[in-house]
file query.cif (mmCIF, C-alpha atoms and all ligand atoms)
data_upload
#
loop_
_atom_site.label_atom_id
_atom_site.label_comp_id
_atom_site.auth_asym_id
_atom_site.auth_seq_id
_atom_site.Cartn_x
_atom_site.Cartn_y
_atom_site.Cartn_z
CA MET C 1 0.54 19.30 -20.24
CA GLU C 2 -2.63 18.21 -18.51
CA GLU C 3 -2.75 19.05 -14.79
CA ALA C 4 -2.47 16.03 -12.53
CA VAL C 5 -5.52 15.23 -10.45
CA ILE C 6 -4.81 16.03 -6.81
CA PRO C 7 -4.77 12.67 -5.05
CA MET C 8 -7.43 12.16 -2.45
CA ASP C 9 -9.17 9.43 -0.57
CA MET C 10 -11.18 7.71 -3.29
CA ASN C 11 -13.00 5.33 -0.95
CA PRO C 12 -13.34 7.03 2.40
CA ASN C 13 -16.13 4.84 3.82
CA LEU C 14 -15.19 1.27 2.96
CA PRO C 15 -15.57 -1.37 5.67
CA VAL C 16 -12.14 -1.96 7.20
CA THR C 17 -11.22 -5.43 8.42
CA PRO C 18 -9.35 -4.92 11.70
CA LEU C 19 -5.87 -6.41 11.96
CA PRO C 20 -3.72 -6.86 15.08
CA ILE C 21 -1.42 -3.94 15.91
CA LYS C 22 1.39 -4.03 18.46
CA LYS C 23 3.09 -0.94 19.85
CA GLY C 24 6.48 -1.45 21.46
CA PRO C 25 10.19 -1.59 20.66
CA HIS C 26 9.35 -2.31 17.02
CA THR C 27 7.48 0.97 16.64
CA THR C 28 9.31 4.12 17.62
CA MET C 29 7.15 6.40 15.45
CA TRP C 30 3.46 6.72 14.62
CA VAL C 31 2.31 9.30 12.10
CA GLU C 32 -0.28 11.72 13.48
CA SER C 33 -2.37 12.45 10.40
CA PRO C 34 -1.03 10.69 7.32
CA GLN C 35 -1.97 12.25 3.99
CA TYR C 36 -2.12 11.04 0.43
CA ARG C 37 0.89 12.68 -1.20
CA LEU C 38 0.96 11.16 -4.65
CA ASP C 39 1.76 14.52 -6.21
CA ASP C 40 4.81 14.92 -3.95
CA PRO C 41 8.03 14.14 -5.89
CA GLY C 42 9.74 13.25 -2.61
CA VAL C 43 12.81 14.33 -0.69
CA GLY C 44 15.48 15.93 -2.88
CA LEU C 45 13.18 16.47 -5.85
CA ARG C 46 10.81 19.12 -4.49
CA ASN C 47 10.95 22.70 -5.80
CA ASN C 48 14.12 22.19 -7.79
CA GLY C 49 12.94 24.25 -10.73
CA ARG C 50 12.02 21.28 -12.85
CA ARG C 51 8.78 19.48 -13.32
CA VAL C 52 9.12 16.05 -11.74
CA LEU C 53 6.68 13.32 -12.62
CA THR C 54 4.92 11.72 -9.68
CA TYR C 55 2.46 8.90 -9.03
CA ALA C 56 -0.33 11.44 -9.59
CA ASP C 57 0.77 11.67 -13.22
CA LEU C 58 0.55 7.92 -13.85
CA LYS C 59 -2.37 6.95 -16.06
CA ASN C 60 -3.42 3.60 -17.40
CA TYR C 61 -3.34 3.71 -21.20
CA TYR C 62 -6.69 1.91 -21.23
CA PRO C 63 -9.88 3.10 -19.53
CA THR C 64 -10.52 1.48 -16.14
CA ALA C 65 -13.90 2.96 -15.15
CA HIS C 66 -15.51 -0.46 -15.55
CA TRP C 67 -13.08 -2.19 -13.16
CA PRO C 68 -14.87 -3.44 -10.03
CA LYS C 69 -14.91 -1.15 -7.02
CA PRO C 70 -13.36 -2.39 -3.79
CA THR C 71 -15.72 -3.88 -1.21
CA ARG C 72 -13.36 -4.25 1.73
CA GLU C 73 -10.22 -2.56 3.01
CA ILE C 74 -7.25 -3.51 5.13
CA ILE C 75 -4.82 -1.00 6.59
CA LEU C 76 -1.15 -1.89 6.82
CA HIS C 77 0.99 0.34 9.00
CA LEU C 78 4.59 0.24 7.85
CA THR C 79 6.51 0.39 11.08
CA GLY C 80 10.04 0.33 12.33
CA ASN C 81 12.71 1.28 14.79
CA MET C 82 15.41 3.26 12.97
CA GLU C 83 17.95 3.07 15.80
CA ARG C 84 17.82 -0.71 16.02
CA TYR C 85 17.04 -1.09 12.32
CA MET C 86 14.03 -3.30 12.92
CA TRP C 87 11.15 -3.35 10.45
CA SER C 88 7.62 -4.63 10.72
CA ILE C 89 4.02 -4.26 9.60
CA ASN C 90 1.51 -3.08 12.19
CA GLY C 91 4.37 -3.33 14.70
CA ILE C 92 4.57 -7.09 14.18
CA PRO C 93 7.57 -8.62 12.38
CA TYR C 94 7.06 -11.47 9.94
CA GLU C 95 8.09 -14.27 12.28
CA GLU C 96 5.35 -13.32 14.76
CA ALA C 97 2.62 -12.55 12.21
CA ASP C 98 -0.35 -14.55 10.98
CA PRO C 99 -0.88 -14.60 7.22
CA LEU C 100 -3.10 -11.92 5.72
CA ILE C 101 -6.31 -13.49 4.45
CA PHE C 102 -7.55 -12.41 1.01
CA TYR C 103 -10.78 -13.90 -0.36
CA TYR C 104 -10.74 -15.32 -3.85
CA GLY C 105 -12.81 -13.19 -6.23
CA GLU C 106 -12.92 -10.09 -4.05
CA ARG C 107 -11.74 -6.63 -4.98
CA LEU C 108 -9.69 -5.58 -1.99
CA ARG C 109 -8.37 -2.18 -1.08
CA VAL C 110 -5.05 -2.08 0.72
CA THR C 111 -4.11 1.18 2.40
CA PHE C 112 -0.56 1.70 3.61
CA ILE C 113 0.39 4.20 6.28
CA ASN C 114 4.13 4.73 6.44
CA ASN C 115 5.09 5.45 10.04
CA THR C 116 8.80 5.53 9.28
CA MET C 117 11.25 8.01 7.78
CA MET C 118 12.15 5.85 4.81
CA ASN C 119 10.46 4.93 1.55
CA HIS C 120 9.07 1.43 1.32
CA PRO C 121 8.49 -0.14 -2.10
CA MET C 122 5.77 -2.66 -1.26
CA HIS C 123 5.54 -5.65 -3.54
CA LEU C 124 2.72 -8.19 -3.70
CA HIS C 125 3.37 -11.44 -5.53
CA GLY C 126 0.77 -13.23 -7.62
CA MET C 127 -1.69 -10.37 -8.16
CA TRP C 128 -1.59 -6.86 -9.54
CA SER C 129 -1.36 -3.73 -7.43
CA ASP C 130 -3.75 -1.16 -8.92
CA LEU C 131 -2.67 2.22 -7.61
CA GLU C 132 -5.28 4.77 -6.56
CA THR C 133 -4.19 8.09 -8.00
CA GLY C 134 -7.45 10.01 -7.81
CA ASP C 135 -8.46 9.16 -11.36
CA GLU C 136 -10.97 6.33 -11.40
CA ASN C 137 -10.86 6.19 -15.21
CA HIS C 138 -7.15 5.46 -15.68
CA ILE C 139 -5.97 3.45 -12.67
CA PRO C 140 -2.35 2.39 -13.26
CA ARG C 141 -1.51 -1.26 -12.72
CA LYS C 142 1.75 -1.90 -10.89
CA HIS C 143 3.93 -4.62 -9.42
CA THR C 144 5.33 -2.49 -6.62
CA VAL C 145 4.06 0.69 -4.98
CA ILE C 146 6.40 3.07 -3.18
CA VAL C 147 5.02 4.52 0.04
CA GLN C 148 6.69 7.79 0.99
CA PRO C 149 7.79 8.56 4.57
CA GLY C 150 4.89 9.68 6.75
CA ALA C 151 2.45 9.27 3.88
CA LYS C 152 -0.58 7.22 3.06
CA LEU C 153 -1.24 5.35 -0.18
CA SER C 154 -3.98 2.99 -1.37
CA MET C 155 -4.04 0.27 -3.95
CA ARG C 156 -6.62 -2.23 -5.12
CA VAL C 157 -6.14 -5.91 -5.67
CA MET C 158 -8.26 -8.18 -7.81
CA VAL C 159 -7.87 -11.35 -5.79
CA ASP C 160 -7.72 -13.82 -8.65
CA ALA C 161 -4.90 -16.19 -7.68
CA PRO C 162 -5.60 -18.85 -5.04
CA GLY C 163 -2.72 -20.01 -2.90
CA ARG C 164 0.00 -18.56 -0.71
CA TRP C 165 1.83 -15.43 -1.77
CA VAL C 166 4.48 -13.11 -0.51
CA PHE C 167 3.87 -9.46 0.29
CA HIS C 168 6.88 -7.44 1.38
CA CYS C 169 8.99 -4.32 1.24
CA HIS C 170 11.40 -4.72 -1.64
CA LEU C 171 14.39 -3.21 0.17
CA LEU C 172 16.57 -6.14 1.15
CA TYR C 173 17.37 -4.77 4.60
CA HIS C 174 13.69 -4.20 5.42
CA MET C 175 12.08 -7.34 4.17
CA GLY C 176 13.19 -9.47 7.10
CA GLY C 177 10.43 -7.97 9.22
CA MET C 178 8.36 -5.90 6.81
CA PHE C 179 7.01 -9.02 5.21
CA ARG C 180 3.80 -11.02 5.22
CA GLU C 181 2.40 -14.18 3.80
CA VAL C 182 -0.88 -13.63 1.98
CA THR C 183 -3.23 -16.61 1.86
CA VAL C 184 -5.92 -16.43 -0.79
CA VAL C 185 -8.82 -18.59 0.36
CA GLU C 186 -11.88 -19.73 -1.52
CA THR C 187 -15.09 -18.45 0.01
CA GLN C 188 -18.48 -20.08 0.32
CA LYS C 189 -21.13 -17.79 -1.11
CA ALA C 190 -23.94 -17.50 1.43
CU CU P 201 11.19 -0.83 3.38
#
call {"tool": "encode", "arguments": {"input": "query.cif", "output": "structure tokens"}}
result
Amino acid sequence: MEEAVIPMDMNPNLPVTPLPIKKGPHTTMWVESPQYRLDDPGVGLRNNGRRVLTYADLKNYYPTAHWPKPTREIILHLTGNMERYMWSINGIPYEEADPLIFYYGERLRVTFINNTMMNHPMHLHGMWSDLETGDENHIPRKHTVIVQPGAKLSMRVMVDAPGRWVFHCHLLYHMGGMFREVTVVETQKA
């Protein structure tokens, strides 16, 4: 079997649009130096004597080298307080958060940093989540991307659906706070 490409930061120098971050009771943990760990099978499946498929093994059946490259990045910290079972993004729960603004027609990179000890399957409605695996030529297209505890993961979005969309962790008990509205706005070309 072909060796998986070791996942790495495929777009290290993209302009990042700053988003508000709040540290407080909602955020009991911050990861020191989050790494891409797409070749990590995860807790319970490491070194068990079997080969376990990981996100690093996922390949689009069709070539994707011609897909547009991202031009902008946002970073979403997945945050929480395990003792009080509170969940948020960037330390801000849904009810206190402004919508995330995506611009119609852009190719956006979304990087998640999971500052908690649980997996979060992040699900964006209305648009595809194209997972960065380290292989620019076969980028898999997904509905939901699972971000491992303490890890970092990036996806790309072709922002092709105007309107208001939901972006949230798919675990029922997390999505109360770990939830955002995404507003896709039309832009005036300068
Ligand atoms: Cu979650």
call {"tool": "residues_near_ligand", "arguments": {"input": "query.cif", "ligand": "ligand CU 201 (chain P)", "cutoff": "8 Å", "atoms": "all atoms listed in the file", "output": "list in words"}}
result
Trp87, Met118, Asn119, His120, Pro121, Met122, Cys169, His170, Leu171, Leu172, Tyr173, His174, Met175 and Met178 of chain C
call {"tool": "closest_residue", "arguments": {"input": "query.cif", "among": "C:Ala97, C:Val157, C:Leu38, C:Ile113", "to": "Leu58 (chain C)", "atoms": "all atoms listed in the file"}}
result
C:Leu38
call {"tool": "residues_around", "arguments": {"input": "query.cif", "residues": "Met29 (chain C)", "least_positions_apart": "4", "cutoff": "8 Å", "atoms": "all atoms listed in the file", "output": "ChimeraX atom specification"}}
result
/C:79-81,115-116
call {"tool": "residues_near_point", "arguments": {"input": "query.cif", "point": "(-3.3, -7.0, 17.9)", "cutoff": "10 Å", "atoms": "only C-alpha atoms", "output": "list in words"}}
result
Pro18, Leu19, Pro20, Ile21, Lys22, Lys23, Asn90, Gly91, Ile92 and Ala97 of chain C
call {"tool": "write_last_selection", "arguments": {"input": "query.cif", "atoms": "C-alpha atoms", "output": "mmCIF file, keeping the file's coordinate frame"}}
result
data_model
loop_
_atom_site.group_PDB
_atom_site.id
_atom_site.type_symbol
_atom_site.label_atom_id
_atom_site.label_comp_id
_atom_site.auth_asym_id
_atom_site.auth_seq_id
_atom_site.Cartn_x
_atom_site.Cartn_y
_atom_site.Cartn_z
ATOM 1 C CA PRO C 18 -9.350 -4.920 11.700
ATOM 2 C CA LEU C 19 -5.870 -6.410 11.960
ATOM 3 C CA PRO C 20 -3.720 -6.860 15.080
ATOM 4 C CA ILE C 21 -1.420 -3.940 15.910
ATOM 5 C CA LYS C 22 1.390 -4.030 18.460
ATOM 6 C CA LYS C 23 3.090 -0.940 19.850
ATOM 7 C CA ASN C 90 1.510 -3.080 12.190
ATOM 8 C CA GLY C 91 4.370 -3.330 14.700
ATOM 9 C CA ILE C 92 4.570 -7.090 14.180
ATOM 10 C CA ALA C 97 2.620 -12.550 12.210
#
call {"tool": "atom_distance", "arguments": {"input": "query.cif", "atom1": "CA of Tyr55 (chain C)", "atom2": "CA of Asp39 (chain C)"}}
result
6.3 Å
call {"tool": "closest_residue", "arguments": {"input": "query.cif", "among": "C:Met155, C:Val31, C:Val43, C:Leu78", "to": "Ile139 (chain C)", "atoms": "all atoms listed in the file"}}
result
C:Met155
call {"tool": "closest_residue", "arguments": {"input": "query.cif", "among": "C:His138, C:Val166, C:Glu181, C:Asp98", "to": "His66 (chain C)", "atoms": "all atoms listed in the file"}}
result
C:His138
call {"tool": "atom_distance", "arguments": {"input": "query.cif", "atom1": "CA of Val159 (chain C)", "atom2": "CA of Val184 (chain C)"}}
result
7.4 Å
call {"tool": "closest_residue", "arguments": {"input": "query.cif", "among": "C:Arg107, C:Arg180, C:Thr27, C:Arg164", "to": "Trp67 (chain C)", "atoms": "all atoms listed in the file"}}
result
C:Arg107
call {"tool": "residues_around", "arguments": {"input": "query.cif", "residues": "His123 (chain C)", "least_positions_apart": "4", "cutoff": "10 Å", "atoms": "all atoms listed in the file", "output": "PyMOL selection string"}}
result
chain C and resi 127-129+142-146+166-171+179
call {"tool": "atom_distance", "arguments": {"input": "query.cif", "atom1": "CA of Met86 (chain C)", "atom2": "CA of Gly150 (chain C)"}}
result
17.0 Å
call {"tool": "residues_around", "arguments": {"input": "query.cif", "residues": "Pro34 (chain C)", "least_positions_apart": "2", "cutoff": "12 Å", "atoms": "all atoms listed in the file", "output": "VMD selection string"}}
result
chain C and resid 8 to 9 30 to 32 36 to 37 77 to 78 111 to 116 147 to 154
call {"tool": "closest_residue", "arguments": {"input": "query.cif", "among": "C:Ile89, C:Leu53, C:Ile74, C:Leu124", "to": "Ile101 (chain C)", "atoms": "all atoms listed in the file"}}
result
C:Ile74
call {"tool": "residues_around", "arguments": {"input": "query.cif", "residues": "Arg109 (chain C)", "least_positions_apart": "6", "cutoff": "6 Å", "atoms": "all atoms listed in the file", "output": "VMD selection string"}}
result
chain C and resid 70 73 155 to 156
call {"tool": "residues_around", "arguments": {"input": "query.cif", "residues": "Val52 (chain C)", "least_positions_apart": "5", "cutoff": "10 Å", "atoms": "only C-alpha atoms", "output": "PyMOL selection string"}}
result
chain C and resi 39-42+45-47+57
call {"tool": "build_atoms", "arguments": {"input": "query.cif", "residues": "region 15-42 of chain C", "atoms": "N, CA and C atoms", "output": "PDB file, in the coordinates of the input"}}
result
ATOM      1  N   PRO C  15     -15.762  -0.596   4.437  1.00  0.00           N
ATOM      2  CA  PRO C  15     -15.570  -1.370   5.670  1.00  0.00           C
ATOM      3  C   PRO C  15     -14.134  -1.853   5.802  1.00  0.00           C
ATOM      4  N   VAL C  16     -13.538  -1.585   6.956  1.00  0.00           N
ATOM      5  CA  VAL C  16     -12.140  -1.960   7.200  1.00  0.00           C
ATOM      6  C   VAL C  16     -12.104  -3.204   8.075  1.00  0.00           C
ATOM      7  N   THR C  17     -11.401  -4.223   7.613  1.00  0.00           N
ATOM      8  CA  THR C  17     -11.220  -5.430   8.420  1.00  0.00           C
ATOM      9  C   THR C  17     -10.105  -5.169   9.425  1.00  0.00           C
ATOM     10  N   PRO C  18     -10.402  -5.227  10.729  1.00  0.00           N
ATOM     11  CA  PRO C  18      -9.350  -4.920  11.700  1.00  0.00           C
ATOM     12  C   PRO C  18      -8.247  -5.975  11.706  1.00  0.00           C
ATOM     13  N   LEU C  19      -7.021  -5.520  11.869  1.00  0.00           N
ATOM     14  CA  LEU C  19      -5.870  -6.410  11.960  1.00  0.00           C
ATOM     15  C   LEU C  19      -5.153  -6.113  13.275  1.00  0.00           C
ATOM     16  N   PRO C  20      -4.455  -7.115  13.826  1.00  0.00           N
ATOM     17  CA  PRO C  20      -3.720  -6.860  15.080  1.00  0.00           C
ATOM     18  C   PRO C  20      -2.629  -5.806  14.885  1.00  0.00           C
ATOM     19  N   ILE C  21      -2.484  -4.959  15.904  1.00  0.00           N
ATOM     20  CA  ILE C  21      -1.420  -3.940  15.910  1.00  0.00           C
ATOM     21  C   ILE C  21      -0.703  -4.048  17.251  1.00  0.00           C
ATOM     22  N   LYS C  22       0.619  -3.964  17.219  1.00  0.00           N
ATOM     23  CA  LYS C  22       1.390  -4.030  18.460  1.00  0.00           C
ATOM     24  C   LYS C  22       2.296  -2.808  18.553  1.00  0.00           C
ATOM     25  N   LYS C  23       2.182  -2.066  19.655  1.00  0.00           N
ATOM     26  CA  LYS C  23       3.090  -0.940  19.850  1.00  0.00           C
ATOM     27  C   LYS C  23       4.158  -1.355  20.855  1.00  0.00           C
ATOM     28  N   GLY C  24       5.394  -1.034  20.572  1.00  0.00           N
ATOM     29  CA  GLY C  24       6.480  -1.450  21.460  1.00  0.00           C
ATOM     30  C   GLY C  24       7.807  -1.105  20.852  1.00  0.00           C
ATOM     31  N   PRO C  25       8.842  -1.894  21.163  1.00  0.00           N
ATOM     32  CA  PRO C  25      10.190  -1.590  20.660  1.00  0.00           C
ATOM     33  C   PRO C  25      10.272  -1.584  19.131  1.00  0.00           C
ATOM     34  N   HIS C  26       9.340  -2.276  18.489  1.00  0.00           N
ATOM     35  CA  HIS C  26       9.350  -2.310  17.020  1.00  0.00           C
ATOM     36  C   HIS C  26       8.816  -1.026  16.402  1.00  0.00           C
ATOM     37  N   THR C  27       8.183  -0.184  17.216  1.00  0.00           N
ATOM     38  CA  THR C  27       7.480   0.970  16.640  1.00  0.00           C
ATOM     39  C   THR C  27       7.874   2.225  17.408  1.00  0.00           C
ATOM     40  N   THR C  28       8.899   2.904  16.923  1.00  0.00           N
ATOM     41  CA  THR C  28       9.310   4.120  17.620  1.00  0.00           C
ATOM     42  C   THR C  28       8.559   5.344  17.125  1.00  0.00           C
ATOM     43  N   MET C  29       7.856   5.230  16.008  1.00  0.00           N
ATOM     44  CA  MET C  29       7.150   6.400  15.450  1.00  0.00           C
ATOM     45  C   MET C  29       5.766   5.993  14.968  1.00  0.00           C
ATOM     46  N   TRP C  30       4.784   6.867  15.219  1.00  0.00           N
ATOM     47  CA  TRP C  30       3.460   6.720  14.620  1.00  0.00           C
ATOM     48  C   TRP C  30       3.097   8.056  13.998  1.00  0.00           C
ATOM     49  N   VAL C  31       2.671   8.055  12.788  1.00  0.00           N
ATOM     50  CA  VAL C  31       2.310   9.300  12.100  1.00  0.00           C
ATOM     51  C   VAL C  31       0.987   9.812  12.651  1.00  0.00           C
ATOM     52  N   GLU C  32       0.927  11.124  12.903  1.00  0.00           N
ATOM     53  CA  GLU C  32      -0.280  11.720  13.480  1.00  0.00           C
ATOM     54  C   GLU C  32      -1.447  11.728  12.505  1.00  0.00           C
ATOM     55  N   SER C  33      -1.271  12.404  11.371  1.00  0.00           N
ATOM     56  CA  SER C  33      -2.370  12.450  10.400  1.00  0.00           C
ATOM     57  C   SER C  33      -1.817  12.258   8.999  1.00  0.00           C
ATOM     58  N   PRO C  34      -1.626  10.993   8.624  1.00  0.00           N
ATOM     59  CA  PRO C  34      -1.030  10.690   7.320  1.00  0.00           C
ATOM     60  C   PRO C  34      -1.893  11.188   6.173  1.00  0.00           C
ATOM     61  N   GLN C  35      -1.249  11.705   5.146  1.00  0.00           N
ATOM     62  CA  GLN C  35      -1.970  12.250   3.990  1.00  0.00           C
ATOM     63  C   GLN C  35      -1.562  11.493   2.731  1.00  0.00           C
ATOM     64  N   TYR C  36      -2.483  11.491   1.762  1.00  0.00           N
ATOM     65  CA  TYR C  36      -2.120  11.040   0.430  1.00  0.00           C
ATOM     66  C   TYR C  36      -1.214  12.102  -0.168  1.00  0.00           C
ATOM     67  N   ARG C  37      -0.049  11.697  -0.645  1.00  0.00           N
ATOM     68  CA  ARG C  37       0.890  12.680  -1.200  1.00  0.00           C
ATOM     69  C   ARG C  37       1.411  12.203  -2.545  1.00  0.00           C
ATOM     70  N   LEU C  38       0.514  11.739  -3.386  1.00  0.00           N
ATOM     71  CA  LEU C  38       0.960  11.160  -4.650  1.00  0.00           C
ATOM     72  C   LEU C  38       1.533  12.200  -5.594  1.00  0.00           C
ATOM     73  N   ASP C  39       1.216  13.467  -5.353  1.00  0.00           N
ATOM     74  CA  ASP C  39       1.760  14.520  -6.210  1.00  0.00           C
ATOM     75  C   ASP C  39       3.052  15.097  -5.623  1.00  0.00           C
ATOM     76  N   ASP C  40       3.570  14.466  -4.575  1.00  0.00           N
ATOM     77  CA  ASP C  40       4.810  14.920  -3.950  1.00  0.00           C
ATOM     78  C   ASP C  40       5.975  14.154  -4.579  1.00  0.00           C
ATOM     79  N   PRO C  41       6.922  14.853  -5.237  1.00  0.00           N
ATOM     80  CA  PRO C  41       8.030  14.140  -5.890  1.00  0.00           C
ATOM     81  C   PRO C  41       8.984  13.486  -4.900  1.00  0.00           C
ATOM     82  N   GLY C  42       8.911  13.891  -3.621  1.00  0.00           N
ATOM     83  CA  GLY C  42       9.740  13.250  -2.610  1.00  0.00           C
ATOM     84  C   GLY C  42      10.978  14.055  -2.263  1.00  0.00           C
TER      85      GLY C  42
END
